[in-house]
file structure34.cif (mmCIF, C-alpha atoms and all ligand atoms)
data_query
loop_
_atom_site.label_atom_id
_atom_site.label_comp_id
_atom_site.auth_asym_id
_atom_site.auth_seq_id
_atom_site.Cartn_x
_atom_site.Cartn_y
_atom_site.Cartn_z
CA MET A 1 0.00 0.00 0.00
CA LYS A 2 1.25 3.51 -0.83
CA GLY A 3 1.25 6.11 1.94
CA LEU A 4 2.26 5.85 5.57
CA VAL A 5 1.32 3.38 8.30
CA ILE A 6 2.23 3.94 11.94
CA LYS A 7 1.82 0.79 14.02
CA ASN A 8 1.78 0.37 17.80
CA ILE A 9 4.32 3.07 18.59
CA ASN A 10 5.26 3.48 22.26
CA LYS A 11 7.97 5.84 23.39
CA SER A 12 9.43 6.80 26.75
CA PHE A 13 12.21 9.20 27.66
CA GLY A 14 13.60 7.62 30.83
CA SER A 15 10.61 6.98 33.07
CA ASN A 16 8.47 9.49 31.19
CA GLN A 17 6.21 7.74 28.66
CA VAL A 18 5.27 10.27 25.98
CA LEU A 19 3.54 8.09 23.35
CA TYR A 20 1.06 5.31 24.10
CA ASP A 21 0.28 2.76 21.39
CA ILE A 22 0.00 5.18 18.47
CA ASN A 23 -1.65 3.77 15.35
CA PHE A 24 -2.69 5.66 12.25
CA GLU A 25 -2.56 5.63 8.47
CA VAL A 26 -2.02 8.38 5.94
CA LYS A 27 -3.32 7.67 2.45
CA ASP A 28 -1.04 8.32 -0.50
CA GLY A 29 -1.15 12.03 -1.38
CA ASP A 30 -3.12 13.07 1.71
CA PHE A 31 -2.35 16.02 3.96
CA VAL A 32 -2.76 14.94 7.57
CA SER A 33 -2.31 17.16 10.61
CA LEU A 34 -1.12 16.05 14.02
CA LEU A 35 -2.88 18.51 16.27
CA GLY A 36 -2.70 18.88 20.03
CA PRO A 37 -1.48 20.98 22.93
CA SER A 38 2.18 21.56 23.62
CA GLY A 39 3.96 18.46 24.92
CA CYS A 40 1.38 15.91 23.69
CA GLY A 41 4.00 14.13 21.57
CA LYS A 42 3.50 15.49 18.04
CA THR A 43 7.14 16.30 17.34
CA THR A 44 8.27 12.99 18.80
CA ILE A 45 6.08 11.17 16.24
CA LEU A 46 7.66 13.16 13.39
CA ARG A 47 11.14 12.42 14.72
CA ILE A 48 10.31 8.71 14.89
CA ILE A 49 9.09 8.83 11.27
CA ASN A 50 12.22 10.54 9.99
CA GLY A 51 14.53 8.41 12.11
CA LEU A 52 15.93 11.09 14.41
CA GLU A 53 14.31 9.23 17.30
CA THR A 54 13.79 5.50 17.87
CA ALA A 55 10.49 4.12 19.13
CA ASP A 56 10.49 1.59 21.96
CA THR A 57 7.97 -0.57 20.12
CA GLY A 58 6.12 -0.48 16.82
CA ALA A 59 6.79 0.14 13.16
CA VAL A 60 6.91 2.91 10.55
CA ILE A 61 5.87 1.72 7.10
CA VAL A 62 6.29 3.98 4.07
CA ASN A 63 4.84 2.91 0.71
CA GLY A 64 4.67 -0.66 1.92
CA GLU A 65 8.27 -0.77 3.15
CA ASP A 66 9.03 -1.17 6.86
CA ILE A 67 11.64 1.55 7.51
CA THR A 68 11.70 1.22 11.31
CA LYS A 69 15.32 0.10 11.30
CA VAL A 70 16.51 2.12 8.29
CA PRO A 71 19.03 4.81 9.32
CA VAL A 72 18.10 8.51 8.96
CA GLU A 73 20.24 9.18 5.89
CA LYS A 74 18.74 6.26 3.98
CA ARG A 75 15.13 7.32 4.61
CA ASN A 76 13.95 9.45 1.75
CA ILE A 77 11.95 11.86 3.87
CA GLY A 78 11.64 15.64 3.47
CA MET A 79 11.42 17.74 6.61
CA VAL A 80 10.68 21.39 7.26
CA PHE A 81 11.28 22.82 10.72
CA GLN A 82 9.67 25.72 12.54
CA ASN A 83 12.92 27.72 12.54
CA TYR A 84 13.67 26.70 8.89
CA ALA A 85 17.21 25.53 9.87
CA LEU A 86 18.74 27.07 6.73
CA PHE A 87 22.47 27.66 6.32
CA PRO A 88 22.75 31.46 6.65
CA THR A 89 26.08 31.77 4.86
CA MET A 90 25.00 29.82 1.77
CA SER A 91 22.97 31.18 -1.12
CA VAL A 92 19.36 30.18 -1.71
CA ALA A 93 20.37 27.75 -4.46
CA LYS A 94 23.11 26.15 -2.32
CA ASN A 95 20.64 25.68 0.51
CA ILE A 96 18.09 24.05 -1.77
CA GLY A 97 20.69 21.84 -3.46
CA TYR A 98 22.26 20.73 -0.18
CA GLY A 99 20.49 17.37 0.02
CA LEU A 100 21.33 16.56 -3.61
CA ASN A 101 24.94 17.52 -3.05
CA ILE A 102 25.39 15.11 -0.15
CA ARG A 103 23.67 12.46 -2.27
CA LYS A 104 26.52 13.08 -4.76
CA LYS A 105 24.30 14.09 -7.67
CA SER A 106 25.93 15.66 -10.74
CA LYS A 107 26.21 19.45 -11.06
CA GLU A 108 23.82 19.45 -14.00
CA GLU A 109 21.21 17.43 -12.20
CA ILE A 110 21.49 19.63 -9.10
CA ALA A 111 21.13 22.82 -11.18
CA GLU A 112 18.09 21.43 -13.00
CA LYS A 113 16.34 20.24 -9.87
CA VAL A 114 17.10 23.42 -7.93
CA ASP A 115 15.55 25.43 -10.77
CA TRP A 116 12.47 23.22 -10.65
CA ALA A 117 12.19 23.69 -6.87
CA LEU A 118 12.69 27.47 -7.10
CA LYS A 119 9.85 27.65 -9.60
CA LEU A 120 7.66 25.43 -7.45
CA VAL A 121 7.92 27.77 -4.46
CA LYS A 122 7.77 30.93 -6.59
CA LEU A 123 11.35 32.06 -5.97
CA GLU A 124 12.39 31.91 -9.61
CA GLY A 125 15.56 33.92 -10.30
CA MET A 126 16.42 34.25 -6.62
CA GLY A 127 18.91 31.40 -6.42
CA ASP A 128 21.91 33.68 -5.89
CA ARG A 129 20.38 35.66 -3.03
CA LYS A 130 21.73 35.42 0.47
CA ILE A 131 19.44 33.76 3.02
CA THR A 132 19.84 36.70 5.39
CA LYS A 133 18.40 39.03 2.72
CA LEU A 134 15.09 37.13 2.57
CA SER A 135 11.87 37.75 4.46
CA GLY A 136 10.50 35.12 6.84
CA GLY A 137 7.99 33.94 4.25
CA GLN A 138 10.70 33.63 1.59
CA GLN A 139 12.96 31.71 3.97
CA GLN A 140 10.09 29.35 4.59
CA ARG A 141 9.76 28.78 0.85
CA VAL A 142 13.47 27.96 0.63
CA ALA A 143 13.08 25.44 3.45
CA LEU A 144 10.15 23.87 1.62
CA ALA A 145 12.06 23.78 -1.68
CA ARG A 146 15.01 22.14 0.08
CA ALA A 147 12.75 19.45 1.51
CA LEU A 148 11.02 18.77 -1.82
CA VAL A 149 14.01 18.86 -4.16
CA ILE A 150 15.13 15.38 -3.08
CA GLU A 151 11.73 14.06 -4.23
CA PRO A 152 10.98 12.53 -0.84
CA SER A 153 8.45 9.75 -0.38
CA ILE A 154 6.80 11.77 2.38
CA LEU A 155 6.99 15.34 3.59
CA LEU A 156 7.05 16.18 7.31
CA LEU A 157 6.29 19.71 8.44
CA ASP A 158 6.88 20.70 12.07
CA GLU A 159 4.94 23.90 12.79
CA PRO A 160 6.46 25.46 9.66
CA LEU A 161 4.27 28.57 9.66
CA SER A 162 4.25 29.53 13.30
CA ALA A 163 7.03 32.12 13.03
CA LEU A 164 5.21 34.06 10.29
CA ASP A 165 2.89 36.98 10.90
CA ARG A 166 -0.84 36.47 10.49
CA LYS A 167 -1.31 37.63 6.91
CA ILE A 168 1.75 35.93 5.42
CA ARG A 169 0.83 32.85 7.40
CA ALA A 170 -2.62 32.70 5.84
CA GLU A 171 -1.10 33.12 2.35
CA MET A 172 1.44 30.39 3.01
CA GLN A 173 -1.30 28.04 4.24
CA TYR A 174 -3.00 28.20 0.85
CA GLU A 175 0.23 28.06 -1.06
CA LEU A 176 1.64 25.16 0.87
CA ARG A 177 -1.57 23.25 0.34
CA ASN A 178 -1.52 24.06 -3.40
CA ILE A 179 2.04 22.90 -3.83
CA GLN A 180 1.32 19.76 -1.83
CA GLN A 181 -1.70 18.94 -3.98
CA ASN A 182 0.10 19.76 -7.24
CA ILE A 183 2.88 17.30 -6.60
CA GLY A 184 0.60 14.93 -4.70
CA ILE A 185 3.03 14.29 -1.89
CA THR A 186 1.89 12.49 1.27
CA THR A 187 2.31 15.07 4.03
CA ILE A 188 2.22 15.16 7.81
CA PHE A 189 1.84 18.57 9.35
CA VAL A 190 2.38 19.24 13.04
CA THR A 191 0.51 22.15 14.56
CA HIS A 192 -1.07 23.25 17.81
CA ASP A 193 -3.24 25.73 15.91
CA GLN A 194 -6.73 24.27 15.46
CA GLU A 195 -7.79 26.72 12.78
CA GLU A 196 -4.72 25.96 10.72
CA ALA A 197 -5.38 22.23 10.99
CA LEU A 198 -9.05 22.70 10.02
CA THR A 199 -8.13 24.89 7.03
CA MET A 200 -5.46 22.68 5.55
CA SER A 201 -6.05 19.02 6.29
CA ASP A 202 -7.66 16.03 4.62
CA LYS A 203 -7.61 14.42 8.04
CA ILE A 204 -6.76 15.59 11.55
CA ILE A 205 -5.27 13.36 14.21
CA LEU A 206 -6.07 15.01 17.51
CA MET A 207 -3.65 14.10 20.28
CA ASN A 208 -3.74 14.57 24.03
CA LYS A 209 -1.05 13.48 26.48
CA GLY A 210 0.54 10.89 24.23
CA VAL A 211 -2.64 9.24 22.95
CA ILE A 212 -4.81 9.78 19.88
CA GLU A 213 -7.98 11.38 21.16
CA GLN A 214 -9.84 11.33 17.83
CA GLU A 215 -9.08 11.08 14.16
CA ALA A 216 -11.44 12.47 11.51
CA ASP A 217 -11.76 14.84 8.59
CA PRO A 218 -12.01 18.52 9.66
CA ILE A 219 -15.80 18.85 9.25
CA ASN A 220 -16.60 15.75 11.26
CA LEU A 221 -14.05 16.48 13.93
CA TYR A 222 -15.47 19.96 14.40
CA ASN A 223 -19.15 19.03 14.28
CA TYR A 224 -19.00 15.68 16.06
CA PRO A 225 -16.18 15.70 18.60
CA LYS A 226 -16.13 12.53 20.66
CA SER A 227 -14.97 14.00 23.95
CA ILE A 228 -15.03 17.16 26.02
CA PHE A 229 -11.36 17.61 25.20
CA ALA A 230 -12.01 17.40 21.45
CA SER A 231 -14.99 19.76 21.55
CA ASP A 232 -13.09 22.32 23.56
CA PHE A 233 -9.79 22.09 21.69
CA LEU A 234 -11.40 22.43 18.26
CA GLY A 235 -13.01 25.83 18.65
CA LYS A 236 -15.04 26.99 21.58
CA ALA A 237 -17.84 24.96 23.10
CA ASN A 238 -20.32 25.66 25.87
CA ILE A 239 -19.83 22.84 28.35
CA LEU A 240 -22.72 22.45 30.76
CA LYS A 241 -23.31 19.92 33.50
CA GLY A 242 -26.67 18.20 33.80
CA LYS A 243 -28.58 14.96 34.25
CA LEU A 244 -29.82 12.63 31.56
CA VAL A 245 -33.63 12.24 31.58
CA GLU A 246 -36.23 10.48 29.48
CA LYS A 247 -39.63 12.09 29.13
CA ASP A 248 -42.46 10.86 26.90
CA GLY A 249 -40.06 8.74 24.90
CA LYS A 250 -37.74 11.68 24.24
CA TRP A 251 -34.30 12.21 25.72
CA ALA A 252 -33.01 15.37 27.26
CA VAL A 253 -30.42 16.74 29.62
CA GLU A 254 -31.67 18.78 32.55
CA GLY A 255 -29.35 21.38 33.98
CA ARG A 256 -29.64 24.23 36.41
CA GLY A 257 -32.80 25.91 35.12
CA TRP A 258 -32.74 24.54 31.57
CA THR A 259 -33.62 21.39 29.64
CA ILE A 260 -32.20 20.62 26.24
CA GLY A 261 -33.08 17.76 23.95
CA VAL A 262 -30.59 15.16 22.77
CA ASN A 263 -31.09 12.67 19.96
CA HIS A 264 -29.85 9.55 21.69
CA LYS A 265 -29.64 8.09 25.12
CA ASP A 266 -26.36 6.65 26.23
CA GLY A 267 -26.76 5.83 29.89
CA ARG A 268 -29.45 5.69 32.55
CA ASP A 269 -31.98 8.18 33.80
CA GLY A 270 -30.33 10.50 36.28
CA ASP A 271 -26.75 9.92 35.06
CA SER A 272 -24.55 13.01 35.38
CA VAL A 273 -23.35 14.17 31.99
CA SER A 274 -21.65 17.16 30.40
CA VAL A 275 -23.27 18.68 27.35
CA ALA A 276 -21.11 20.38 24.74
CA VAL A 277 -22.70 22.86 22.34
CA ARG A 278 -20.86 25.21 20.04
CA GLY A 279 -21.97 28.83 20.04
CA GLU A 280 -23.10 28.71 16.43
CA HIS A 281 -25.12 25.54 16.93
CA PHE A 282 -27.93 27.33 18.76
CA ASN A 283 -31.18 28.38 17.13
CA ILE A 284 -32.22 31.75 18.47
CA ASP A 285 -35.40 33.81 18.19
CA LYS A 286 -36.98 36.80 19.91
CA ASN A 287 -40.08 34.71 20.53
CA GLU A 288 -40.53 31.45 22.35
CA PHE A 289 -40.55 28.33 20.18
CA GLU A 290 -40.97 24.62 20.86
CA GLY A 291 -38.26 23.40 23.19
CA SER A 292 -36.66 26.83 23.53
CA GLN A 293 -35.03 28.05 26.72
CA GLU A 294 -34.84 31.60 28.01
CA PHE A 295 -31.57 33.36 27.34
CA LYS A 296 -30.87 36.65 29.14
CA ILE A 297 -28.31 38.62 27.17
CA THR A 298 -25.64 40.24 29.33
CA ASN A 299 -23.03 41.18 26.76
CA LYS A 300 -22.65 41.50 23.02
CA VAL A 301 -19.41 41.41 21.06
CA PHE A 302 -19.40 42.17 17.35
CA THR A 303 -16.33 40.66 15.68
CA GLY A 304 -17.16 41.25 12.02
CA SER A 305 -17.74 37.76 10.71
CA VAL A 306 -19.96 36.83 13.66
CA CYS A 307 -21.62 38.50 16.61
CA LYS A 308 -21.21 36.88 20.02
CA LEU A 309 -23.99 37.07 22.57
CA LEU A 310 -23.10 36.25 26.15
CA GLY A 311 -25.78 35.58 28.68
CA ASN A 312 -27.54 33.21 31.02
CA MET A 313 -29.55 30.13 30.24
CA GLY A 314 -30.96 29.13 33.64
CA GLU A 315 -28.08 29.49 36.03
CA ASP A 316 -25.38 28.76 33.46
CA GLU A 317 -23.51 31.29 31.42
CA ILE A 318 -23.29 30.55 27.71
CA GLU A 319 -21.94 32.19 24.58
CA ILE A 320 -23.87 32.10 21.33
CA SER A 321 -22.65 33.15 17.88
CA ILE A 322 -25.07 34.70 15.43
CA ILE A 323 -24.45 35.95 11.91
CA SER A 324 -23.38 39.58 11.73
CA LEU A 325 -26.53 40.54 9.79
CA ASP A 326 -28.63 39.69 12.86
CA ALA A 327 -26.39 41.65 15.23
CA GLU A 328 -28.85 44.51 15.65
CA LYS A 329 -31.79 42.25 16.45
CA TYR A 330 -30.55 41.46 19.96
CA GLN A 331 -29.50 43.90 22.66
CA VAL A 332 -27.93 43.59 26.07
CA GLY A 333 -30.77 43.25 28.60
CA ASP A 334 -33.10 41.41 26.18
CA THR A 335 -34.42 37.95 26.93
CA ALA A 336 -34.20 35.85 23.78
CA HIS A 337 -35.12 32.19 23.27
CA VAL A 338 -32.61 29.58 22.28
CA MET A 339 -32.31 25.89 21.57
CA PRO A 340 -29.26 23.97 20.42
CA THR A 341 -29.69 22.00 17.20
CA LEU A 342 -30.51 18.43 18.15
CA GLU A 343 -27.99 16.85 15.81
CA THR A 344 -24.96 18.66 17.18
CA THR A 345 -25.84 18.55 20.87
CA LEU A 346 -23.36 16.11 22.28
CA TYR A 347 -22.99 14.86 25.79
CA PHE A 348 -20.34 12.92 27.58
CA LYS A 349 -20.30 11.02 30.84
N1 LIG A 401 14.90 14.12 23.85
C1 LIG A 401 14.01 14.18 24.85
N2 LIG A 401 14.35 13.84 26.10
C2 LIG A 401 13.45 13.86 27.12
N3 LIG A 401 12.16 14.22 26.97
C3 LIG A 401 11.76 14.58 25.74
C4 LIG A 401 12.65 14.59 24.62
N4 LIG A 401 11.95 14.99 23.53
C5 LIG A 401 10.69 15.23 23.95
N5 LIG A 401 10.56 14.99 25.27
C6 LIG A 401 9.32 15.11 26.07
O1 LIG A 401 8.32 14.39 25.40
C7 LIG A 401 7.06 15.03 25.52
C8 LIG A 401 6.48 15.27 24.14
O2 LIG A 401 7.27 16.21 23.45
P1 LIG A 401 7.00 16.66 21.96
O3 LIG A 401 8.03 17.66 21.58
O4 LIG A 401 6.85 15.47 21.11
O5 LIG A 401 5.59 17.36 22.09
P2 LIG A 401 4.84 18.32 21.09
O6 LIG A 401 3.43 17.90 21.14
O7 LIG A 401 5.52 18.35 19.79
O8 LIG A 401 4.96 19.72 21.81
P3 LIG A 401 5.41 21.14 21.23
O9 LIG A 401 4.26 21.63 20.42
O10 LIG A 401 5.64 21.93 22.47
O11 LIG A 401 6.65 20.90 20.43
C9 LIG A 401 7.31 16.31 26.30
O12 LIG A 401 6.98 16.07 27.63
C10 LIG A 401 8.80 16.52 26.15
O13 LIG A 401 9.32 17.19 27.27
#

call {"tool": "encode", "arguments": {"input": "structure34.cif", "output": "structure tokens", "more": "lines below"}}
Ligand SMILES: Nc1ncnc2c1ncn2[C@@H]1O[C@H](COP(=O)(O)OP(=O)(O)OP(=O)(O)O)[C@@H](O)[C@H]1O
result
Amino acid sequence: MKGLVIKNINKSFGSNQVLYDINFEVKDGDFVSLLGPSGCGKTTILRIINGLETADTGAVIVNGEDITKVPVEKRNIGMVFQNYALFPTMSVAKNIGYGLNIRKKSKEEIAEKVDWALKLVKLEGMGDRKITKLSGGQQQRVALARALVIEPSILLLDEPLSALDRKIRAEMQYELRNIQQNIGITTIFVTHDQEEALTMSDKIILMNKGVIEQEADPINLYNYPKSIFASDFLGKANILKGKLVEKDGKWAVEGRGWTIGVNHKDGRDGDSVSVAVRGEHFNIDKNEFEGSQEFKITNKVFTGSVCKLLGNMGEDEIEISIISLDAEKYQVGDTAHVMPTLETTLYFK
């Protein structure tokens, strides 16, 4: 099978276990993000894939070949680091050609491939420039060109955009994704930025404390998180404590002064659960409607793309997002009526 398979990886540093039985697959040509808070083990996985670190157990299989015991220099893997790790005294072209040089390729071949890579990252004609004369975004392109010029079987990116300012970062997200799709290279991208992972990935592997919390495509991970951790890490969620109840054949969670419907019952009547509802997954109206709960608005924040309404539902404080066009409909002090959409109301024991 083409692509990458990670099998039963465990890793400890001394007595500190940092990866617990990690298993996942990346399909040929896919862009997969490893997402999670600092210290959850993302970089360690990358280092195990490229051979800079050895796993205690398990295997790394690239395009059907088990490379677990293959030394670093024999693994054909491209890597881009957060700090770019370029050679400041060498020209752009020398930096890009470095990997081909140590692989003892001919001058002609190096020149041809470096030209191809310069074009790919839109730095045509800049081969003679000094690294120190480039902007952060341009340096990042050089690092990417250097990783791709060796025609690696997979590309590993360790927070490559985090040093760039917001606007350049957004541009590079699109560009990186375009380049990746154009050449169809299987890519693993490490980030702790949920929006970046959602924007760029075919699949996200969400990690927490050395284990895979959930693995899904961005839309499913965002809409149907399987844990409180996942719902809170991927965007903001209202997390409310309540008790599971069944009334007239319908299921609901009762909290402090509110009752909201859920579309399945996983547990017994009276079980304590936590409900997670994203701000934009509430229906809201000025008038009462079936199943709606009172919502007393205490604050309103207009951000441009959405308007956030903060307030109380029963005794709990919640935050609701509405589209900016409706921003003037609701004022601080109003009591509106809200109900989370049934499909996206999730609860966890
Ligand atoms: N060489 C090492 N020796 C000892 N502990 C290490 C080593 N490398 C990583 N660790 C520890 O392993 C854990 C996971 O680190 P890792 O860098 O993989 O996390 P991460 O999710 O990439 O975090 P970050 O986003 O901060 O880089 C951390 O607790 C870290 O301190």

call {"tool": "atom_distance", "arguments": {"input": "structure34.cif", "atom1": "atom CA of Gly78 of chain A", "atom2": "atom CA of Leu164 of chain A"}}
result
20.7 Å

call {"tool": "closest_residue", "arguments": {"input": "structure34.cif", "among": "A:Lys243, A:Lys69, A:Arg129, A:Arg103", "to": "Gly270 of chain A", "atoms": "only C-alpha atoms"}}
result
A:Lys243

call {"tool": "residues_near_ligand", "arguments": {"input": "structure34.cif", "ligand": "ligand LIG 401 (chain A)", "cutoff": "7 Å", "atoms": "all atoms listed in the file", "output": "list in words"}}
result
Phe13, Val18, Gly36, Pro37, Ser38, Gly39, Cys40, Gly41, Lys42, Thr43, Thr44, Ile45, Thr191 and His192 of chain A

call {"tool": "residues_near_point", "arguments": {"input": "structure34.cif", "point": "(-24.1, 15.7, 27.7)", "cutoff": "6 Å", "atoms": "only C-alpha atoms", "output": "VMD selection string"}}
result
chain A and resid 273 to 275 346 to 348

call {"tool": "residues_around", "arguments": {"input": "structure34.cif", "residues": "segment 254-261 of chain A", "least_positions_apart": "6", "cutoff": "8 Å", "atoms": "all atoms listed in the file", "output": "VMD selection string"}}
result
chain A and resid 240 to 245 291 293 313 to 316 339 to 340 342 345

call {"tool": "residues_around", "arguments": {"input": "structure34.cif", "residues": "segment 184-186 of chain A", "least_positions_apart": "2", "cutoff": "12 Å", "atoms": "all atoms listed in the file", "output": "PyMOL selection string"}}
result
chain A and resi 2-5+25-33+62-63+77-78+147-148+151-157+176-182+188-189+201-203

call {"tool": "write_last_selection", "arguments": {"input": "structure34.cif", "atoms": "C-alpha atoms", "output": "PDB file, in the coordinates of the input"}}
result
ATOM      1  CA  LYS A   2       1.250   3.510  -0.830  1.00  0.00           C
ATOM      2  CA  GLY A   3       1.250   6.110   1.940  1.00  0.00           C
ATOM      3  CA  LEU A   4       2.260   5.850   5.570  1.00  0.00           C
ATOM      4  CA  VAL A   5       1.320   3.380   8.300  1.00  0.00           C
ATOM      5  CA  GLU A  25      -2.560   5.630   8.470  1.00  0.00           C
ATOM      6  CA  VAL A  26      -2.020   8.380   5.940  1.00  0.00           C
ATOM      7  CA  LYS A  27      -3.320   7.670   2.450  1.00  0.00           C
ATOM      8  CA  ASP A  28      -1.040   8.320  -0.500  1.00  0.00           C
ATOM      9  CA  GLY A  29      -1.150  12.030  -1.380  1.00  0.00           C
ATOM     10  CA  ASP A  30      -3.120  13.070   1.710  1.00  0.00           C
ATOM     11  CA  PHE A  31      -2.350  16.020   3.960  1.00  0.00           C
ATOM     12  CA  VAL A  32      -2.760  14.940   7.570  1.00  0.00           C
ATOM     13  CA  SER A  33      -2.310  17.160  10.610  1.00  0.00           C
ATOM     14  CA  VAL A  62       6.290   3.980   4.070  1.00  0.00           C
ATOM     15  CA  ASN A  63       4.840   2.910   0.710  1.00  0.00           C
ATOM     16  CA  ILE A  77      11.950  11.860   3.870  1.00  0.00           C
ATOM     17  CA  GLY A  78      11.640  15.640   3.470  1.00  0.00           C
ATOM     18  CA  ALA A 147      12.750  19.450   1.510  1.00  0.00           C
ATOM     19  CA  LEU A 148      11.020  18.770  -1.820  1.00  0.00           C
ATOM     20  CA  GLU A 151      11.730  14.060  -4.230  1.00  0.00           C
ATOM     21  CA  PRO A 152      10.980  12.530  -0.840  1.00  0.00           C
ATOM     22  CA  SER A 153       8.450   9.750  -0.380  1.00  0.00           C
ATOM     23  CA  ILE A 154       6.800  11.770   2.380  1.00  0.00           C
ATOM     24  CA  LEU A 155       6.990  15.340   3.590  1.00  0.00           C
ATOM     25  CA  LEU A 156       7.050  16.180   7.310  1.00  0.00           C
ATOM     26  CA  LEU A 157       6.290  19.710   8.440  1.00  0.00           C
ATOM     27  CA  LEU A 176       1.640  25.160   0.870  1.00  0.00           C
ATOM     28  CA  ARG A 177      -1.570  23.250   0.340  1.00  0.00           C
ATOM     29  CA  ASN A 178      -1.520  24.060  -3.400  1.00  0.00           C
ATOM     30  CA  ILE A 179       2.040  22.900  -3.830  1.00  0.00           C
ATOM     31  CA  GLN A 180       1.320  19.760  -1.830  1.00  0.00           C
ATOM     32  CA  GLN A 181      -1.700  18.940  -3.980  1.00  0.00           C
ATOM     33  CA  ASN A 182       0.100  19.760  -7.240  1.00  0.00           C
ATOM     34  CA  ILE A 188       2.220  15.160   7.810  1.00  0.00           C
ATOM     35  CA  PHE A 189       1.840  18.570   9.350  1.00  0.00           C
ATOM     36  CA  SER A 201      -6.050  19.020   6.290  1.00  0.00           C
ATOM     37  CA  ASP A 202      -7.660  16.030   4.620  1.00  0.00           C
ATOM     38  CA  LYS A 203      -7.610  14.420   8.040  1.00  0.00           C
TER      39      LYS A 203
END

call {"tool": "closest_residue", "arguments": {"input": "structure34.cif", "among": "A:Gly51, A:Gly58, A:Pro160, A:Gly249", "to": "Asn10 of chain A", "atoms": "all atoms listed in the file"}}
result
A:Gly58

call {"tool": "build_atoms", "arguments": {"input": "structure34.cif", "residues": "segment 320-333 of chain A", "atoms": "N, CA and C atoms", "output": "tab-separated table (two decimals), in the frame of the given file"}}
result
chain	number	residue	atom	x	y	z
A	320	ILE	N	-23.22	32.51	22.58
A	320	ILE	CA	-23.87	32.10	21.33
A	320	ILE	C	-23.31	32.95	20.20
A	321	SER	N	-23.10	32.35	19.04
A	321	SER	CA	-22.65	33.15	17.88
A	321	SER	C	-23.81	33.29	16.92
A	322	ILE	N	-24.05	34.51	16.46
A	322	ILE	CA	-25.07	34.70	15.43
A	322	ILE	C	-24.42	35.38	14.24
A	323	ILE	N	-25.07	35.32	13.08
A	323	ILE	CA	-24.45	35.95	11.91
A	323	ILE	C	-24.49	37.47	12.07
A	324	SER	N	-23.53	38.14	11.50
A	324	SER	CA	-23.38	39.58	11.73
A	324	SER	C	-24.61	40.37	11.27
A	325	LEU	N	-25.33	39.84	10.27
A	325	LEU	CA	-26.53	40.54	9.79
A	325	LEU	C	-27.62	40.64	10.86
A	326	ASP	N	-27.62	39.69	11.80
A	326	ASP	CA	-28.63	39.69	12.86
A	326	ASP	C	-28.18	40.45	14.11
A	327	ALA	N	-26.99	41.05	14.03
A	327	ALA	CA	-26.39	41.65	15.23
A	327	ALA	C	-27.28	42.70	15.88
A	328	GLU	N	-28.06	43.44	15.06
A	328	GLU	CA	-28.85	44.51	15.65
A	328	GLU	C	-30.20	44.05	16.22
A	329	LYS	N	-30.51	42.79	15.96
A	329	LYS	CA	-31.79	42.25	16.45
A	329	LYS	C	-31.81	42.07	17.96
A	330	TYR	N	-30.62	41.81	18.53
A	330	TYR	CA	-30.55	41.46	19.96
A	330	TYR	C	-29.70	42.47	20.71
A	331	GLN	N	-30.23	42.90	21.86
A	331	GLN	CA	-29.50	43.90	22.66
A	331	GLN	C	-29.25	43.37	24.06
A	332	VAL	N	-28.21	43.93	24.69
A	332	VAL	CA	-27.93	43.59	26.07
A	332	VAL	C	-29.16	43.93	26.91
A	333	GLY	N	-29.57	43.02	27.78
A	333	GLY	CA	-30.77	43.25	28.60
A	333	GLY	C	-31.98	42.51	28.06
